[in-house]
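**Student:** File my_file-v9.cif follows (mmCIF, N, CA and C atoms):
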data_run
#
loop_
_atom_site.group_PDB
_atom_site.id
_atom_site.type_symbol
_atom_site.label_atom_id
_atom_site.label_comp_id
_atom_site.auth_asym_id
_atom_site.auth_seq_id
_atom_site.Cartn_x
_atom_site.Cartn_y
_atom_site.Cartn_z
ATOM 1 N N MET P 1 9.309 0.620 8.984
ATOM 2 C CA MET P 1 8.766 -0.166 7.899
ATOM 3 C C MET P 1 7.788 0.663 7.056
ATOM 4 N N LEU P 2 7.079 1.613 7.668
ATOM 5 C CA LEU P 2 6.135 2.435 6.905
ATOM 6 C C LEU P 2 6.849 3.238 5.822
ATOM 7 N N LYS P 3 8.024 3.761 6.140
ATOM 8 C CA LYS P 3 8.799 4.525 5.153
ATOM 9 C C LYS P 3 9.210 3.630 3.992
ATOM 10 N N GLN P 4 9.598 2.401 4.286
ATOM 11 C CA GLN P 4 9.974 1.430 3.255
ATOM 12 C C GLN P 4 8.780 1.122 2.349
ATOM 13 N N MET P 5 7.620 0.947 2.954
ATOM 14 C CA MET P 5 6.411 0.668 2.187
ATOM 15 C C MET P 5 6.067 1.856 1.295
ATOM 16 N N GLU P 6 6.147 3.052 1.861
ATOM 17 C CA GLU P 6 5.840 4.253 1.083
ATOM 18 C C GLU P 6 6.816 4.410 -0.078
ATOM 19 N N ALA P 7 8.086 4.130 0.141
ATOM 20 C CA ALA P 7 9.084 4.231 -0.924
ATOM 21 C C ALA P 7 8.777 3.265 -2.060
ATOM 22 N N LYS P 8 8.376 2.056 -1.726
ATOM 23 C CA LYS P 8 7.999 1.076 -2.756
ATOM 24 C C LYS P 8 6.799 1.557 -3.561
ATOM 25 N N LEU P 9 5.791 2.073 -2.859
ATOM 26 C CA LEU P 9 4.588 2.566 -3.532
ATOM 27 C C LEU P 9 4.921 3.747 -4.445
ATOM 28 N N GLN P 10 5.765 4.662 -3.962
ATOM 29 C CA GLN P 10 6.161 5.830 -4.754
ATOM 30 C C GLN P 10 6.876 5.386 -6.031
ATOM 31 N N LYS P 11 7.794 4.457 -5.882
ATOM 32 C CA LYS P 11 8.589 3.993 -7.027
ATOM 33 C C LYS P 11 7.720 3.272 -8.067
ATOM 34 N N GLU P 12 6.847 2.414 -7.599
ATOM 35 C CA GLU P 12 6.042 1.580 -8.504
ATOM 36 C C GLU P 12 4.894 2.333 -9.161
ATOM 37 N N PHE P 13 4.174 3.141 -8.387
ATOM 38 C CA PHE P 13 2.940 3.734 -8.886
ATOM 39 C C PHE P 13 3.000 5.230 -9.165
ATOM 40 N N GLU P 14 4.081 5.911 -8.742
ATOM 41 C CA GLU P 14 4.226 7.355 -8.948
ATOM 42 C C GLU P 14 2.922 8.083 -8.591
ATOM 43 N N PRO P 15 2.451 7.904 -7.364
ATOM 44 C CA PRO P 15 1.134 8.429 -6.983
ATOM 45 C C PRO P 15 1.112 9.933 -6.738
ATOM 46 N N THR P 16 -0.072 10.506 -6.899
ATOM 47 C CA THR P 16 -0.292 11.904 -6.523
ATOM 48 C C THR P 16 -0.624 11.985 -5.034
ATOM 49 N N VAL P 17 -1.175 10.905 -4.489
ATOM 50 C CA VAL P 17 -1.450 10.789 -3.060
ATOM 51 C C VAL P 17 -0.927 9.431 -2.606
ATOM 52 N N CYS P 18 -0.170 9.438 -1.530
ATOM 53 C CA CYS P 18 0.333 8.193 -0.948
ATOM 54 C C CYS P 18 0.379 8.374 0.562
ATOM 55 N N LYS P 19 -0.572 7.738 1.253
ATOM 56 C CA LYS P 19 -0.641 7.857 2.713
ATOM 57 C C LYS P 19 -0.723 6.463 3.322
ATOM 58 N N ILE P 20 0.090 6.249 4.322
ATOM 59 C CA ILE P 20 0.014 5.026 5.109
ATOM 60 C C ILE P 20 -0.206 5.466 6.551
ATOM 61 N N VAL P 21 -1.308 5.035 7.131
ATOM 62 C CA VAL P 21 -1.667 5.461 8.477
ATOM 63 C C VAL P 21 -1.665 4.249 9.406
ATOM 64 N N ASP P 22 -0.953 4.403 10.505
ATOM 65 C CA ASP P 22 -0.923 3.412 11.575
ATOM 66 C C ASP P 22 -1.583 4.084 12.779
ATOM 67 N N PRO P 23 -2.908 4.004 12.902
ATOM 68 C CA PRO P 23 -3.626 4.800 13.902
ATOM 69 C C PRO P 23 -3.243 4.513 15.348
ATOM 70 N N TYR P 24 -2.779 3.317 15.640
ATOM 71 C CA TYR P 24 -2.462 2.969 17.025
ATOM 72 C C TYR P 24 -0.961 2.926 17.290
ATOM 73 N N GLY P 25 -0.150 3.069 16.232
ATOM 74 C CA GLY P 25 1.298 3.083 16.389
ATOM 75 C C GLY P 25 1.908 1.745 16.745
ATOM 76 N N ASP P 26 1.154 0.666 16.504
ATOM 77 C CA ASP P 26 1.664 -0.653 16.874
ATOM 78 C C ASP P 26 1.875 -1.590 15.677
ATOM 79 N N MET P 27 1.710 -1.062 14.473
ATOM 80 C CA MET P 27 1.853 -1.849 13.238
ATOM 81 C C MET P 27 0.942 -3.073 13.231
ATOM 82 N N ASN P 28 -0.159 -3.000 13.938
ATOM 83 C CA ASN P 28 -1.113 -4.096 13.978
ATOM 84 C C ASN P 28 -2.199 -3.920 12.918
ATOM 85 N N SER P 29 -2.545 -2.693 12.623
ATOM 86 C CA SER P 29 -3.594 -2.391 11.661
ATOM 87 C C SER P 29 -3.242 -1.077 10.968
ATOM 88 N N ILE P 30 -3.091 -1.106 9.653
ATOM 89 C CA ILE P 30 -2.752 0.113 8.919
ATOM 90 C C ILE P 30 -3.750 0.344 7.787
ATOM 91 N N THR P 31 -3.802 1.588 7.332
ATOM 92 C CA THR P 31 -4.630 1.971 6.196
ATOM 93 C C THR P 31 -3.707 2.563 5.137
ATOM 94 N N ILE P 32 -3.879 2.123 3.904
ATOM 95 C CA ILE P 32 -3.068 2.614 2.795
ATOM 96 C C ILE P 32 -3.986 3.312 1.803
ATOM 97 N N THR P 33 -3.630 4.544 1.426
ATOM 98 C CA THR P 33 -4.365 5.289 0.403
ATOM 99 C C THR P 33 -3.381 5.671 -0.695
ATOM 100 N N VAL P 34 -3.680 5.259 -1.923
ATOM 101 C CA VAL P 34 -2.816 5.561 -3.060
ATOM 102 C C VAL P 34 -3.690 6.005 -4.227
ATOM 103 N N HIS P 35 -3.385 7.183 -4.782
ATOM 104 C CA HIS P 35 -4.056 7.667 -5.988
ATOM 105 C C HIS P 35 -2.992 7.768 -7.071
ATOM 106 N N SER P 36 -3.184 7.041 -8.158
ATOM 107 C CA SER P 36 -2.186 7.023 -9.224
ATOM 108 C C SER P 36 -2.859 6.890 -10.582
ATOM 109 N N SER P 37 -2.290 7.548 -11.568
ATOM 110 C CA SER P 37 -2.801 7.410 -12.936
ATOM 111 C C SER P 37 -2.556 5.998 -13.463
ATOM 112 N N LYS P 38 -1.637 5.270 -12.857
ATOM 113 C CA LYS P 38 -1.366 3.890 -13.276
ATOM 114 C C LYS P 38 -2.535 2.957 -12.933
ATOM 115 N N PHE P 39 -3.448 3.414 -12.098
ATOM 116 C CA PHE P 39 -4.622 2.620 -11.754
ATOM 117 C C PHE P 39 -5.787 2.860 -12.715
ATOM 118 N N LYS P 40 -5.621 3.788 -13.650
ATOM 119 C CA LYS P 40 -6.709 4.113 -14.581
ATOM 120 C C LYS P 40 -7.143 2.859 -15.342
ATOM 121 N N GLY P 41 -8.435 2.613 -15.325
ATOM 122 C CA GLY P 41 -9.004 1.463 -16.023
ATOM 123 C C GLY P 41 -8.973 0.167 -15.221
ATOM 124 N N MET P 42 -8.359 0.202 -14.052
ATOM 125 C CA MET P 42 -8.299 -1.000 -13.215
ATOM 126 C C MET P 42 -9.498 -1.035 -12.274
ATOM 127 N N LEU P 43 -10.041 -2.194 -12.095
ATOM 128 C CA LEU P 43 -11.110 -2.366 -11.114
ATOM 129 C C LEU P 43 -10.518 -2.271 -9.707
ATOM 130 N N PRO P 44 -11.329 -1.915 -8.718
ATOM 131 C CA PRO P 44 -10.820 -1.793 -7.348
ATOM 132 C C PRO P 44 -10.075 -3.040 -6.855
ATOM 133 N N LEU P 45 -10.582 -4.212 -7.168
ATOM 134 C CA LEU P 45 -9.931 -5.444 -6.730
ATOM 135 C C LEU P 45 -8.549 -5.585 -7.367
ATOM 136 N N ALA P 46 -8.411 -5.208 -8.625
ATOM 137 C CA ALA P 46 -7.112 -5.273 -9.308
ATOM 138 C C ALA P 46 -6.117 -4.295 -8.676
ATOM 139 N N ARG P 47 -6.590 -3.108 -8.300
ATOM 140 C CA ARG P 47 -5.714 -2.136 -7.612
ATOM 141 C C ARG P 47 -5.261 -2.700 -6.269
ATOM 142 N N HIS P 48 -6.201 -3.268 -5.546
ATOM 143 C CA HIS P 48 -5.911 -3.866 -4.244
ATOM 144 C C HIS P 48 -4.860 -4.973 -4.390
ATOM 145 N N ARG P 49 -5.042 -5.818 -5.370
ATOM 146 C CA ARG P 49 -4.096 -6.928 -5.604
ATOM 147 C C ARG P 49 -2.711 -6.411 -5.988
ATOM 148 N N ALA P 50 -2.649 -5.360 -6.796
ATOM 149 C CA ALA P 50 -1.364 -4.791 -7.207
ATOM 150 C C ALA P 50 -0.589 -4.263 -6.000
ATOM 151 N N ILE P 51 -1.278 -3.586 -5.113
ATOM 152 C CA ILE P 51 -0.637 -3.060 -3.903
ATOM 153 C C ILE P 51 -0.228 -4.211 -2.983
ATOM 154 N N ASN P 52 -1.107 -5.180 -2.797
ATOM 155 C CA ASN P 52 -0.785 -6.328 -1.948
ATOM 156 C C ASN P 52 0.414 -7.096 -2.482
ATOM 157 N N GLU P 53 0.501 -7.275 -3.776
ATOM 158 C CA GLU P 53 1.630 -7.994 -4.373
ATOM 159 C C GLU P 53 2.930 -7.232 -4.147
ATOM 160 N N LEU P 54 2.898 -5.933 -4.339
ATOM 161 C CA LEU P 54 4.091 -5.110 -4.150
ATOM 162 C C LEU P 54 4.576 -5.152 -2.698
ATOM 163 N N LEU P 55 3.644 -5.145 -1.765
ATOM 164 C CA LEU P 55 3.988 -5.060 -0.342
ATOM 165 C C LEU P 55 3.812 -6.391 0.391
ATOM 166 N N LYS P 56 3.845 -7.502 -0.325
ATOM 167 C CA LYS P 56 3.518 -8.791 0.284
ATOM 168 C C LYS P 56 4.425 -9.153 1.460
ATOM 169 N N GLU P 57 5.703 -8.815 1.395
ATOM 170 C CA GLU P 57 6.610 -9.141 2.507
ATOM 171 C C GLU P 57 6.239 -8.356 3.764
ATOM 172 N N GLU P 58 5.953 -7.075 3.590
ATOM 173 C CA GLU P 58 5.616 -6.223 4.726
ATOM 174 C C GLU P 58 4.244 -6.581 5.296
ATOM 175 N N ILE P 59 3.304 -6.889 4.415
ATOM 176 C CA ILE P 59 1.934 -7.202 4.844
ATOM 177 C C ILE P 59 1.891 -8.474 5.691
ATOM 178 N N GLN P 60 2.798 -9.388 5.457
ATOM 179 C CA GLN P 60 2.832 -10.612 6.257
ATOM 180 C C GLN P 60 3.083 -10.319 7.731
ATOM 181 N N LEU P 61 3.695 -9.180 8.034
ATOM 182 C CA LEU P 61 4.038 -8.823 9.411
ATOM 183 C C LEU P 61 2.955 -7.980 10.097
ATOM 184 N N ILE P 62 1.882 -7.667 9.367
ATOM 185 C CA ILE P 62 0.832 -6.802 9.876
ATOM 186 C C ILE P 62 -0.470 -7.587 9.988
ATOM 187 N N HIS P 63 -1.212 -7.374 11.051
ATOM 188 C CA HIS P 63 -2.464 -8.108 11.262
ATOM 189 C C HIS P 63 -3.530 -7.733 10.232
ATOM 190 N N ALA P 64 -3.723 -6.424 9.991
ATOM 191 C CA ALA P 64 -4.793 -5.993 9.082
ATOM 192 C C ALA P 64 -4.360 -4.791 8.266
ATOM 193 N N VAL P 65 -4.626 -4.873 6.964
ATOM 194 C CA VAL P 65 -4.328 -3.778 6.049
ATOM 195 C C VAL P 65 -5.617 -3.399 5.361
#
Using the file provided, produce a representation of the structure as structure tokens.
**Tutor:**
Amino acid sequence: MLKQMEAKLQKEFEPTVCKIVDPYGDMNSITITVHSSKFKGMLPLARHRAINELLKEEIQLIHAV
């Protein structure tokens, strides 16, 4: 599922940095880091919402993002 999430992020935001980390390997808690010029001028909350909307199906299966 992480590869699927990364592919969606790559396609939508064309990021210079795209990292999804699952520190425990159990898909219970992940960290997403995305740096993209498409976020220019967006407030942090708006960036967060854009990523959450894009990955809403996958996020429903994860305890904490």
**Student:** I need the helix (DSSP H, G or I) residues of chain P per DSSP on the backbone, written as a PyMOL selection string.
**Tutor:** chain P and resi 2-13+37-39+44-54+56-59
**Student:** Include N, CA and C atoms and write out the residues we just selected as a CSV table (one decimal), in the frame of the given file.
**Tutor:**
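Output contents, as saved in result-v7.csv:
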chain,number,residue,atom,x,y,z
P,2,LEU,N,7.1,1.6,7.7
P,2,LEU,CA,6.1,2.4,6.9
P,2,LEU,C,6.8,3.2,5.8
P,3,LYS,N,8.0,3.8,6.1
P,3,LYS,CA,8.8,4.5,5.2
P,3,LYS,C,9.2,3.6,4.0
P,4,GLN,N,9.6,2.4,4.3
P,4,GLN,CA,10.0,1.4,3.3
P,4,GLN,C,8.8,1.1,2.3
P,5,MET,N,7.6,0.9,3.0
P,5,MET,CA,6.4,0.7,2.2
P,5,MET,C,6.1,1.9,1.3
P,6,GLU,N,6.1,3.1,1.9
P,6,GLU,CA,5.8,4.3,1.1
P,6,GLU,C,6.8,4.4,-0.1
P,7,ALA,N,8.1,4.1,0.1
P,7,ALA,CA,9.1,4.2,-0.9
P,7,ALA,C,8.8,3.3,-2.1
P,8,LYS,N,8.4,2.1,-1.7
P,8,LYS,CA,8.0,1.1,-2.8
P,8,LYS,C,6.8,1.6,-3.6
P,9,LEU,N,5.8,2.1,-2.9
P,9,LEU,CA,4.6,2.6,-3.5
P,9,LEU,C,4.9,3.7,-4.4
P,10,GLN,N,5.8,4.7,-4.0
P,10,GLN,CA,6.2,5.8,-4.8
P,10,GLN,C,6.9,5.4,-6.0
P,11,LYS,N,7.8,4.5,-5.9
P,11,LYS,CA,8.6,4.0,-7.0
P,11,LYS,C,7.7,3.3,-8.1
P,12,GLU,N,6.8,2.4,-7.6
P,12,GLU,CA,6.0,1.6,-8.5
P,12,GLU,C,4.9,2.3,-9.2
P,13,PHE,N,4.2,3.1,-8.4
P,13,PHE,CA,2.9,3.7,-8.9
P,13,PHE,C,3.0,5.2,-9.2
P,37,SER,N,-2.3,7.5,-11.6
P,37,SER,CA,-2.8,7.4,-12.9
P,37,SER,C,-2.6,6.0,-13.5
P,38,LYS,N,-1.6,5.3,-12.9
P,38,LYS,CA,-1.4,3.9,-13.3
P,38,LYS,C,-2.5,3.0,-12.9
P,39,PHE,N,-3.4,3.4,-12.1
P,39,PHE,CA,-4.6,2.6,-11.8
P,39,PHE,C,-5.8,2.9,-12.7
P,44,PRO,N,-11.3,-1.9,-8.7
P,44,PRO,CA,-10.8,-1.8,-7.3
P,44,PRO,C,-10.1,-3.0,-6.9
P,45,LEU,N,-10.6,-4.2,-7.2
P,45,LEU,CA,-9.9,-5.4,-6.7
P,45,LEU,C,-8.5,-5.6,-7.4
P,46,ALA,N,-8.4,-5.2,-8.6
P,46,ALA,CA,-7.1,-5.3,-9.3
P,46,ALA,C,-6.1,-4.3,-8.7
P,47,ARG,N,-6.6,-3.1,-8.3
P,47,ARG,CA,-5.7,-2.1,-7.6
P,47,ARG,C,-5.3,-2.7,-6.3
P,48,HIS,N,-6.2,-3.3,-5.5
P,48,HIS,CA,-5.9,-3.9,-4.2
P,48,HIS,C,-4.9,-5.0,-4.4
P,49,ARG,N,-5.0,-5.8,-5.4
P,49,ARG,CA,-4.1,-6.9,-5.6
P,49,ARG,C,-2.7,-6.4,-6.0
P,50,ALA,N,-2.6,-5.4,-6.8
P,50,ALA,CA,-1.4,-4.8,-7.2
P,50,ALA,C,-0.6,-4.3,-6.0
P,51,ILE,N,-1.3,-3.6,-5.1
P,51,ILE,CA,-0.6,-3.1,-3.9
P,51,ILE,C,-0.2,-4.2,-3.0
P,52,ASN,N,-1.1,-5.2,-2.8
P,52,ASN,CA,-0.8,-6.3,-1.9
P,52,ASN,C,0.4,-7.1,-2.5
P,53,GLU,N,0.5,-7.3,-3.8
P,53,GLU,CA,1.6,-8.0,-4.4
P,53,GLU,C,2.9,-7.2,-4.1
P,54,LEU,N,2.9,-5.9,-4.3
P,54,LEU,CA,4.1,-5.1,-4.2
P,54,LEU,C,4.6,-5.2,-2.7
P,56,LYS,N,3.8,-7.5,-0.3
P,56,LYS,CA,3.5,-8.8,0.3
P,56,LYS,C,4.4,-9.2,1.5
P,57,GLU,N,5.7,-8.8,1.4
P,57,GLU,CA,6.6,-9.1,2.5
P,57,GLU,C,6.2,-8.4,3.8
P,58,GLU,N,6.0,-7.1,3.6
P,58,GLU,CA,5.6,-6.2,4.7
P,58,GLU,C,4.2,-6.6,5.3
P,59,ILE,N,3.3,-6.9,4.4
P,59,ILE,CA,1.9,-7.2,4.8
P,59,ILE,C,1.9,-8.5,5.7
**Student:** In terms of the shortest atom-to-atom distance over all atoms listed in the file, which of P:Ala50, P:Ile62, P:Leu43, P:Met1 is closest to P:Met27?
**Tutor:**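 Of the candidates, the smallest distance to P:Met27 is held by P:Ile62.
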**Student:** Write out as JSON, numbers by chain the residues lying within 8 Å of P:Leu2, counting all atoms listed in the file and excluding same-chain residues fewer than 6 positions away.
**Tutor:** {"P": [8, 20, 21]}
**Student:** Take the residues from that selection and write them out as a PDB file, keeping the file's coordinate frame, keeping N, CA and C atoms.
**Tutor:**
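Result file part_7.pdb:
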ATOM      1  N   LYS P   8       8.376   2.056  -1.726  1.00  0.00           N
ATOM      2  CA  LYS P   8       7.999   1.076  -2.756  1.00  0.00           C
ATOM      3  C   LYS P   8       6.799   1.557  -3.561  1.00  0.00           C
ATOM      4  N   ILE P  20       0.090   6.249   4.322  1.00  0.00           N
ATOM      5  CA  ILE P  20       0.014   5.026   5.109  1.00  0.00           C
ATOM      6  C   ILE P  20      -0.206   5.466   6.551  1.00  0.00           C
ATOM      7  N   VAL P  21      -1.308   5.035   7.131  1.00  0.00           N
ATOM      8  CA  VAL P  21      -1.667   5.461   8.477  1.00  0.00           C
ATOM      9  C   VAL P  21      -1.665   4.249   9.406  1.00  0.00           C
TER      10      VAL P  21
END
**Student:** Looking at P:Lys40, P:His35, P:Asn28, P:Glu53, which one is nearest to P:Val65, with distances taken over only C-alpha atoms?
**Tutor:**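 Comparing P:Lys40, P:His35, P:Asn28, P:Glu53 against P:Val65, the winner is P:Asn28.
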**Student:** What does the structure give for the distance between atom C of P:Val34 and atom CA of P:Glu12, in Å to one decimal?
**Tutor:**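 For atom C of P:Val34 relative to atom CA of P:Glu12, the distance reads 11.5 Å.
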**Student:** Record the distance separating atom N of P:Ile32 and atom N of P:Lys19, expressed in Å with one decimal.
**Tutor:**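 That distance, rounded to one decimal, is 7.0 Å.
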**Student:** Restricting the calculation to all atoms listed in the file, which member of P:Gln10, P:Thr16, P:Gln4, P:Thr31 is positioned closest to P:Ala64?
**Tutor:**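 Nearest to P:Ala64: P:Thr31.
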**Student:** Enumerate as a list of chain:residue names all residues of chain P assigned to strand (DSSP E or B) by DSSP on the backbone, naming them with the chain letters and numbers the document uses.
**Tutor:** P:Val17, P:Cys18, P:Lys19, P:Ile20, P:Val21, P:Ser29, P:Thr31, P:Ile32, P:Thr33, P:Val34, P:His35, P:Ala64
**Student:** How many Å lie between atom N of P:Met42 and atom CA of P:Pro23, rounded to one decimal?
**Tutor:** 28.7 Å
**Student:** Pick the closest to P:Thr33 from P:Ile59, P:Leu9, P:Leu54, P:Val17: which is it, counting all atoms listed in the file?
**Tutor:**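 Using all atoms listed in the file, the shortest distance to P:Thr33 belongs to P:Val17.
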**Student:** Using the file's own x, y and z axes, so that the box edges lie along x, y and z, what centre and edge lengths in Å (one decimal) does a box around every listed atom of stretch 41-54 of chain P get when 4 Å is added on each side? Give it as AutoDock Vina command-line options.
**Tutor:**
--center_x -3.4 --center_y -2.7 --center_z -9.0 --size_x 23.9 --size_y 18.6 --size_z 22.1
